[in-house]
Amino acid sequence: MKLRLAYSTALVLMLGCAAAAQTPPPAGVRDGLQAAIDGPQRTPANVKRDEFRHPLETLEFFGIRPDMRVIEVLPGSGWYTEILAPFLRDHGRLVEATPPESSDNAFARKMAVKYAEKLAADPAVYGRVEIEPFELPDYMALGAPRSADMVLTFRNMHDLIFANVHGEVTDEPMQRFLRGAYQVLKPGGVLGIVAHRANPDMPVSKSFKLGRVPQAFLVREAERAGFRLAGSSEVNANPKDPRTMPVWYLPPALRQKDKDRAEYEAIGEADNMTLKFVKPAD
């Protein structure tokens with residue numbers, strides 16, 4: 001087993017990706033996921049991103065089941081909440097770890113209010129969603145130890161790297177999150193991460209300013225927290241992305257507005273790694 005793990009990690013370090021063998025999901029899981037993805041609760045703008053974000057293949061890769069207790073960390077405006085909430089509603093539990101409406105950060109507070117309004121507007125879909133306050137970098141609790149089957153986060157890992165007023169870069173918030181995820185998961189539980197990928201030779205002190213993280217660095221950090229890399233998928237990779245520009249220049253943000261817009265739209269969304277980690281069984 002140790003040899004296999006070392007070999008898997010070596011492939012990630014050398015190539016930035018590793019193919020993971022997939023076990024077909026039990027009958028009904030794929031149908032349930034597809035029904036949630038095709039459901040009327042999804043906003044048209046979010047559906048347009050499916051071609052880049054591949055929610056069916058991504059969630060299948062992580063091994064999600066409808067009877068799991070799943071924690072999604074930093075859901076943003078709720079892109080994945082629209083899929084996870086109906087999928088888990090009848091047999092599982094969905095916990096959203098998100099900044100509170102009382103946040104001191106104006107941007108986080110605005111996002112929190114908007115997210116709360118989204119959930120409240122459709123209780124038939126979101127009425128059973130649980131909220132766990134989660135605010136960077138000071139309050140990052142995820143719940144009681146060994147209480148979750150899966151922790152998921154999508155395109156957020158660069159936000160867990162900070163630069164202080166002196167320009168010194170620290171990844172301590174990332175390590176705190178990873179250790180918190182390790183603690184809240186049951187033995188054998190899964191941490192699923194989709195993250196904007198940096199070029200492998202780019203220093204973290206530079207990559208996080210582009211909204212990106214080198215894959216080998218992220219794998220090392222997760223392993224340092226105690227996780228085992230169970231596999232990686234290229235389902236959300238984008239070879240058109242040169243990984244040299246801020247991810248918010250690309251769709252859907254297009255922060256440059258009309259400047260080089262056609263070029264950015266031709267690239268599509270940023271190149272993303274999709275990593276599955278497991279908390280080893282006792």
# chains A, B, ... in the order shown; residues from 1 in each chain; ligands from 1
>>> residues_around(residues="Gln34 in chain A", least_positions_apart="6", cutoff="10 Å", atoms="only C-alpha atoms", output="JSON list (two decimals) with C-alpha atoms, in the first residue's frame")
[["chain", "number", "residue", "atom", "x", "y", "z"],
["A", 28, "GLY", "CA", -30.00, 5.04, -9.15],
["A", 55, "PRO", "CA", -21.14, 18.39, -12.25],
["A", 56, "LEU", "CA", -22.30, 14.83, -12.98],
["A", 83, "ILE", "CA", -27.52, 20.37, -7.29],
["A", 87, "PHE", "CA", -29.95, 15.26, -4.38]]
>>> residues_around(residues="Asn46 in chain A", least_positions_apart="4", cutoff="12 Å", atoms="only C-alpha atoms", output="MDAnalysis selection string")
chainID A and resid 37:42 50:55 77:83 252
>>> write_last_selection(atoms="N, CA and C atoms", output="PDB file, in the first residue's frame")
ATOM      1  N   ILE A  37     -29.411  17.814 -11.564  1.00  0.00           N
ATOM      2  CA  ILE A  37     -28.752  18.698 -12.526  1.00  0.00           C
ATOM      3  C   ILE A  37     -29.751  19.256 -13.532  1.00  0.00           C
ATOM      4  N   ASP A  38     -30.730  18.448 -13.902  1.00  0.00           N
ATOM      5  CA  ASP A  38     -31.734  18.875 -14.889  1.00  0.00           C
ATOM      6  C   ASP A  38     -32.938  19.564 -14.258  1.00  0.00           C
ATOM      7  N   GLY A  39     -32.939  19.714 -12.933  1.00  0.00           N
ATOM      8  CA  GLY A  39     -34.114  20.213 -12.232  1.00  0.00           C
ATOM      9  C   GLY A  39     -34.422  21.676 -12.498  1.00  0.00           C
ATOM     10  N   PRO A  40     -35.682  22.074 -12.291  1.00  0.00           N
ATOM     11  CA  PRO A  40     -36.109  23.452 -12.560  1.00  0.00           C
ATOM     12  C   PRO A  40     -35.553  24.454 -11.562  1.00  0.00           C
ATOM     13  N   GLN A  41     -34.988  23.989 -10.445  1.00  0.00           N
ATOM     14  CA  GLN A  41     -34.423  24.908  -9.444  1.00  0.00           C
ATOM     15  C   GLN A  41     -33.131  25.563  -9.910  1.00  0.00           C
ATOM     16  N   ARG A  42     -32.515  25.031 -10.955  1.00  0.00           N
ATOM     17  CA  ARG A  42     -31.244  25.573 -11.413  1.00  0.00           C
ATOM     18  C   ARG A  42     -31.467  26.826 -12.261  1.00  0.00           C
ATOM     19  N   ASP A  50     -22.226  24.335 -17.052  1.00  0.00           N
ATOM     20  CA  ASP A  50     -22.069  22.875 -16.959  1.00  0.00           C
ATOM     21  C   ASP A  50     -21.018  22.336 -17.927  1.00  0.00           C
ATOM     22  N   GLU A  51     -20.914  22.966 -19.095  1.00  0.00           N
ATOM     23  CA  GLU A  51     -19.963  22.460 -20.089  1.00  0.00           C
ATOM     24  C   GLU A  51     -18.526  22.581 -19.621  1.00  0.00           C
ATOM     25  N   PHE A  52     -18.271  23.466 -18.671  1.00  0.00           N
ATOM     26  CA  PHE A  52     -16.925  23.623 -18.123  1.00  0.00           C
ATOM     27  C   PHE A  52     -16.763  22.928 -16.769  1.00  0.00           C
ATOM     28  N   ARG A  53     -17.852  22.769 -16.007  1.00  0.00           N
ATOM     29  CA  ARG A  53     -17.739  22.300 -14.627  1.00  0.00           C
ATOM     30  C   ARG A  53     -18.150  20.843 -14.435  1.00  0.00           C
ATOM     31  N   HIS A  54     -18.834  20.253 -15.413  1.00  0.00           N
ATOM     32  CA  HIS A  54     -19.106  18.821 -15.431  1.00  0.00           C
ATOM     33  C   HIS A  54     -19.587  18.287 -14.076  1.00  0.00           C
ATOM     34  N   PRO A  55     -20.721  18.787 -13.589  1.00  0.00           N
ATOM     35  CA  PRO A  55     -21.144  18.387 -12.246  1.00  0.00           C
ATOM     36  C   PRO A  55     -21.431  16.903 -12.090  1.00  0.00           C
ATOM     37  N   SER A  77     -22.252  31.803  -4.394  1.00  0.00           N
ATOM     38  CA  SER A  77     -23.641  32.134  -4.720  1.00  0.00           C
ATOM     39  C   SER A  77     -24.524  30.900  -4.807  1.00  0.00           C
ATOM     40  N   GLY A  78     -23.949  29.711  -4.612  1.00  0.00           N
ATOM     41  CA  GLY A  78     -24.748  28.498  -4.558  1.00  0.00           C
ATOM     42  C   GLY A  78     -24.807  27.692  -5.833  1.00  0.00           C
ATOM     43  N   TRP A  79     -23.744  27.756  -6.644  1.00  0.00           N
ATOM     44  CA  TRP A  79     -23.759  27.009  -7.904  1.00  0.00           C
ATOM     45  C   TRP A  79     -23.979  25.517  -7.650  1.00  0.00           C
ATOM     46  N   TYR A  80     -23.193  24.942  -6.765  1.00  0.00           N
ATOM     47  CA  TYR A  80     -23.349  23.516  -6.474  1.00  0.00           C
ATOM     48  C   TYR A  80     -24.481  23.250  -5.496  1.00  0.00           C
ATOM     49  N   THR A  81     -24.874  24.243  -4.709  1.00  0.00           N
ATOM     50  CA  THR A  81     -25.999  24.054  -3.799  1.00  0.00           C
ATOM     51  C   THR A  81     -27.258  23.678  -4.571  1.00  0.00           C
ATOM     52  N   GLU A  82     -27.438  24.253  -5.748  1.00  0.00           N
ATOM     53  CA  GLU A  82     -28.610  23.950  -6.562  1.00  0.00           C
ATOM     54  C   GLU A  82     -28.694  22.479  -6.933  1.00  0.00           C
ATOM     55  N   ILE A  83     -27.557  21.791  -6.945  1.00  0.00           N
ATOM     56  CA  ILE A  83     -27.525  20.369  -7.293  1.00  0.00           C
ATOM     57  C   ILE A  83     -27.515  19.494  -6.033  1.00  0.00           C
ATOM     58  N   PRO A 252     -16.615  32.812 -15.890  1.00  0.00           N
ATOM     59  CA  PRO A 252     -17.718  33.729 -16.196  1.00  0.00           C
ATOM     60  C   PRO A 252     -17.503  35.157 -15.729  1.00  0.00           C
TER      61      PRO A 252
END
>>> closest_atom_pairs(of="range 123-190 of chain A", to="range 205-219 of chain A", cutoff="10 Å", atoms="only C-alpha atoms", output="tab-separated table")
residue	atom	partner	partner_atom	distance
A:Arg155	CA	A:Gly211	CA	8.7
A:Asn156	CA	A:Gly211	CA	8.5
A:Met157	CA	A:Val213	CA	7.2
A:His158	CA	A:Phe208	CA	5.2
A:Asp159	CA	A:Gly211	CA	7.4
A:Leu160	CA	A:Phe208	CA	8.9
A:Ile161	CA	A:Phe208	CA	6.6
A:Phe162	CA	A:Phe208	CA	8.3
A:Ala163	CA	A:Ser205	CA	8.3
A:Gly167	CA	A:Ser205	CA	9.3
A:Glu168	CA	A:Ser205	CA	8.4
A:Val169	CA	A:Ser205	CA	6.0
A:Thr170	CA	A:Ser205	CA	8.4
A:Asp171	CA	A:Ser205	CA	9.5
A:Met174	CA	A:Leu218	CA	9.2
A:Gln175	CA	A:Leu218	CA	9.9
>>> select_by_dssp(residues="range 44-251 of chain A", states="helix (DSSP H, G or I)", output="PyMOL selection string")
chain A and resi 44-47+50-53+55-62+81-88+106-121+123-126+157-160+172-184+204-210+215-224+247-249
>>> residues_around(residues="Ile193 in chain A", least_positions_apart="5", cutoff="6 Å", atoms="only C-alpha atoms", output="list in words")
Leu152, Thr153, Phe154, Thr274 and Leu275 of chain A
>>> select_by_dssp(residues="range 14-205 of chain A", states="strand (DSSP E)", output="PyMOL selection string")
chain A and resi 69-73+93-98+130-133+148-154+162-163+169-170+185-198
>>> closest_residue(among="A:Glu117, A:Asp67, A:Glu265, A:Glu101", to="Lys240 in chain A", atoms="only C-alpha atoms")
A:Glu265
>>> residues_around(residues="Asp104 in chain A", least_positions_apart="6", cutoff="12 Å", atoms="only C-alpha atoms", output="PDB file with C-alpha atoms, in the first residue's frame")
ATOM      1  CA  LYS A 110     -23.311  40.942   1.095  1.00  0.00           C
ATOM      2  CA  ALA A 112     -24.157  35.865   2.892  1.00  0.00           C
ATOM      3  CA  GLU A 135     -15.250  32.806   7.955  1.00  0.00           C
ATOM      4  CA  LEU A 136     -11.662  33.239   6.841  1.00  0.00           C
ATOM      5  CA  ASP A 138     -10.392  33.267  12.038  1.00  0.00           C
TER       6      ASP A 138
END
>>> residues_around(residues="Asn199 in chain A", least_positions_apart="3", cutoff="8 Å", atoms="only C-alpha atoms", output="PyMOL selection string")
chain A and resi 202+214+243-244
>>> write_last_selection(atoms="C-alpha atoms", output="PDB file, in the first residue's frame")
ATOM      1  CA  MET A 202       4.981  28.780 -10.343  1.00  0.00           C
ATOM      2  CA  PRO A 214       0.064  24.349  -8.011  1.00  0.00           C
ATOM      3  CA  ARG A 243      -2.450  29.388 -16.550  1.00  0.00           C
ATOM      4  CA  THR A 244      -0.561  32.695 -16.701  1.00  0.00           C
TER       5      THR A 244
END
>>> atom_distance(atom1="CA of Ala108 in chain A", atom2="CA of Pro246 in chain A")
20.8 Å
>>> closest_residue(among="A:Ile71, A:Val194, A:Ala270, A:Val129", to="Ala141 in chain A", atoms="only C-alpha atoms")
A:Ile71
>>> residues_around(residues="Arg65 in chain A", least_positions_apart="4", cutoff="12 Å", atoms="only C-alpha atoms", output="PyMOL selection string")
chain A and resi 25-33+59-61+69-70+84+87-94+149-150+189-190
>>> closest_residue(among="A:Pro137, A:Lys114, A:Pro66, A:His196", to="Phe177 in chain A", atoms="only C-alpha atoms")
A:Pro137
>>> residues_around(residues="range 178-183 of chain A", least_positions_apart="3", cutoff="8 Å", atoms="only C-alpha atoms", output="list of chain:residue names")
A:Met140, A:Ala141, A:Leu142, A:Pro145, A:Arg146, A:Val151, A:Met174, A:Gln175, A:Lys186, A:Leu191, A:Glu221, A:Ala222, A:Ala225, A:Gly226, A:Phe227, A:Lys279
>>> write_last_selection(atoms="N, CA, C and O atoms", output="mmCIF file, in the first residue's frame")
data_model
loop_
_atom_site.group_PDB
_atom_site.id
_atom_site.type_symbol
_atom_site.label_atom_id
_atom_site.label_comp_id
_atom_site.auth_asym_id
_atom_site.auth_seq_id
_atom_site.Cartn_x
_atom_site.Cartn_y
_atom_site.Cartn_z
ATOM 1 N N MET A 140 -13.104 28.833 11.372
ATOM 2 C CA MET A 140 -13.147 27.841 10.302
ATOM 3 C C MET A 140 -13.596 26.483 10.811
ATOM 4 O O MET A 140 -13.180 25.442 10.309
ATOM 5 N N ALA A 141 -14.466 26.476 11.811
ATOM 6 C CA ALA A 141 -14.997 25.217 12.327
ATOM 7 C C ALA A 141 -15.955 24.604 11.301
ATOM 8 O O ALA A 141 -16.654 25.317 10.577
ATOM 9 N N LEU A 142 -15.985 23.289 11.242
ATOM 10 C CA LEU A 142 -16.863 22.603 10.292
ATOM 11 C C LEU A 142 -17.886 21.703 10.976
ATOM 12 O O LEU A 142 -18.757 21.142 10.307
ATOM 13 N N PRO A 145 -16.481 16.380 15.505
ATOM 14 C CA PRO A 145 -15.565 15.380 14.945
ATOM 15 C C PRO A 145 -16.307 14.133 14.459
ATOM 16 O O PRO A 145 -17.289 13.698 15.063
ATOM 17 N N ARG A 146 -15.847 13.616 13.326
ATOM 18 C CA ARG A 146 -16.357 12.364 12.752
ATOM 19 C C ARG A 146 -17.857 12.409 12.496
ATOM 20 O O ARG A 146 -18.559 11.425 12.678
ATOM 21 N N VAL A 151 -16.611 16.121 2.562
ATOM 22 C CA VAL A 151 -16.421 17.568 2.556
ATOM 23 C C VAL A 151 -16.041 17.963 1.129
ATOM 24 O O VAL A 151 -15.148 17.354 0.528
ATOM 25 N N MET A 174 -5.041 27.598 4.857
ATOM 26 C CA MET A 174 -5.300 26.383 4.095
ATOM 27 C C MET A 174 -5.086 25.148 4.959
ATOM 28 O O MET A 174 -5.896 24.216 4.961
ATOM 29 N N GLN A 175 -3.987 25.153 5.713
ATOM 30 C CA GLN A 175 -3.709 23.996 6.561
ATOM 31 C C GLN A 175 -4.755 23.863 7.666
ATOM 32 O O GLN A 175 -5.161 22.752 8.012
ATOM 33 N N LYS A 186 -15.612 11.276 9.025
ATOM 34 C CA LYS A 186 -15.518 9.937 9.585
ATOM 35 C C LYS A 186 -14.314 9.222 8.955
ATOM 36 O O LYS A 186 -13.893 9.579 7.844
ATOM 37 N N LEU A 191 -12.647 13.944 1.105
ATOM 38 C CA LEU A 191 -12.488 15.372 0.844
ATOM 39 C C LEU A 191 -12.352 15.546 -0.662
ATOM 40 O O LEU A 191 -11.390 15.061 -1.267
ATOM 41 N N GLU A 221 0.034 19.575 0.904
ATOM 42 C CA GLU A 221 -0.637 20.172 2.054
ATOM 43 C C GLU A 221 -1.710 19.241 2.613
ATOM 44 O O GLU A 221 -1.869 19.111 3.829
ATOM 45 N N ALA A 222 -2.480 18.610 1.726
ATOM 46 C CA ALA A 222 -3.517 17.685 2.180
ATOM 47 C C ALA A 222 -2.907 16.469 2.870
ATOM 48 O O ALA A 222 -3.402 16.005 3.904
ATOM 49 N N ALA A 225 -1.856 17.213 6.320
ATOM 50 C CA ALA A 225 -2.968 17.241 7.262
ATOM 51 C C ALA A 225 -3.462 15.848 7.628
ATOM 52 O O ALA A 225 -4.324 15.708 8.489
ATOM 53 N N GLY A 226 -2.935 14.832 6.960
ATOM 54 C CA GLY A 226 -3.295 13.458 7.287
ATOM 55 C C GLY A 226 -4.040 12.708 6.205
ATOM 56 O O GLY A 226 -4.276 11.498 6.335
ATOM 57 N N PHE A 227 -4.432 13.395 5.133
ATOM 58 C CA PHE A 227 -5.203 12.748 4.074
ATOM 59 C C PHE A 227 -4.323 11.863 3.188
ATOM 60 O O PHE A 227 -3.108 12.059 3.097
ATOM 61 N N LYS A 279 -9.752 10.195 4.252
ATOM 62 C CA LYS A 279 -9.238 10.084 5.620
ATOM 63 C C LYS A 279 -9.047 8.607 5.901
ATOM 64 O O LYS A 279 -10.008 7.825 5.843
#
>>> atom_distance(atom1="CA of Ser233 in chain A", atom2="CA of Arg49 in chain A")
18.4 Å
>>> atom_distance(atom1="CA of Phe62 in chain A", atom2="CA of Gly231 in chain A")
9.3 Å
>>> closest_residue(among="A:Pro187, A:Pro86, A:Pro242, A:Pro44", to="Glu263 in chain A", atoms="only C-alpha atoms")
A:Pro242
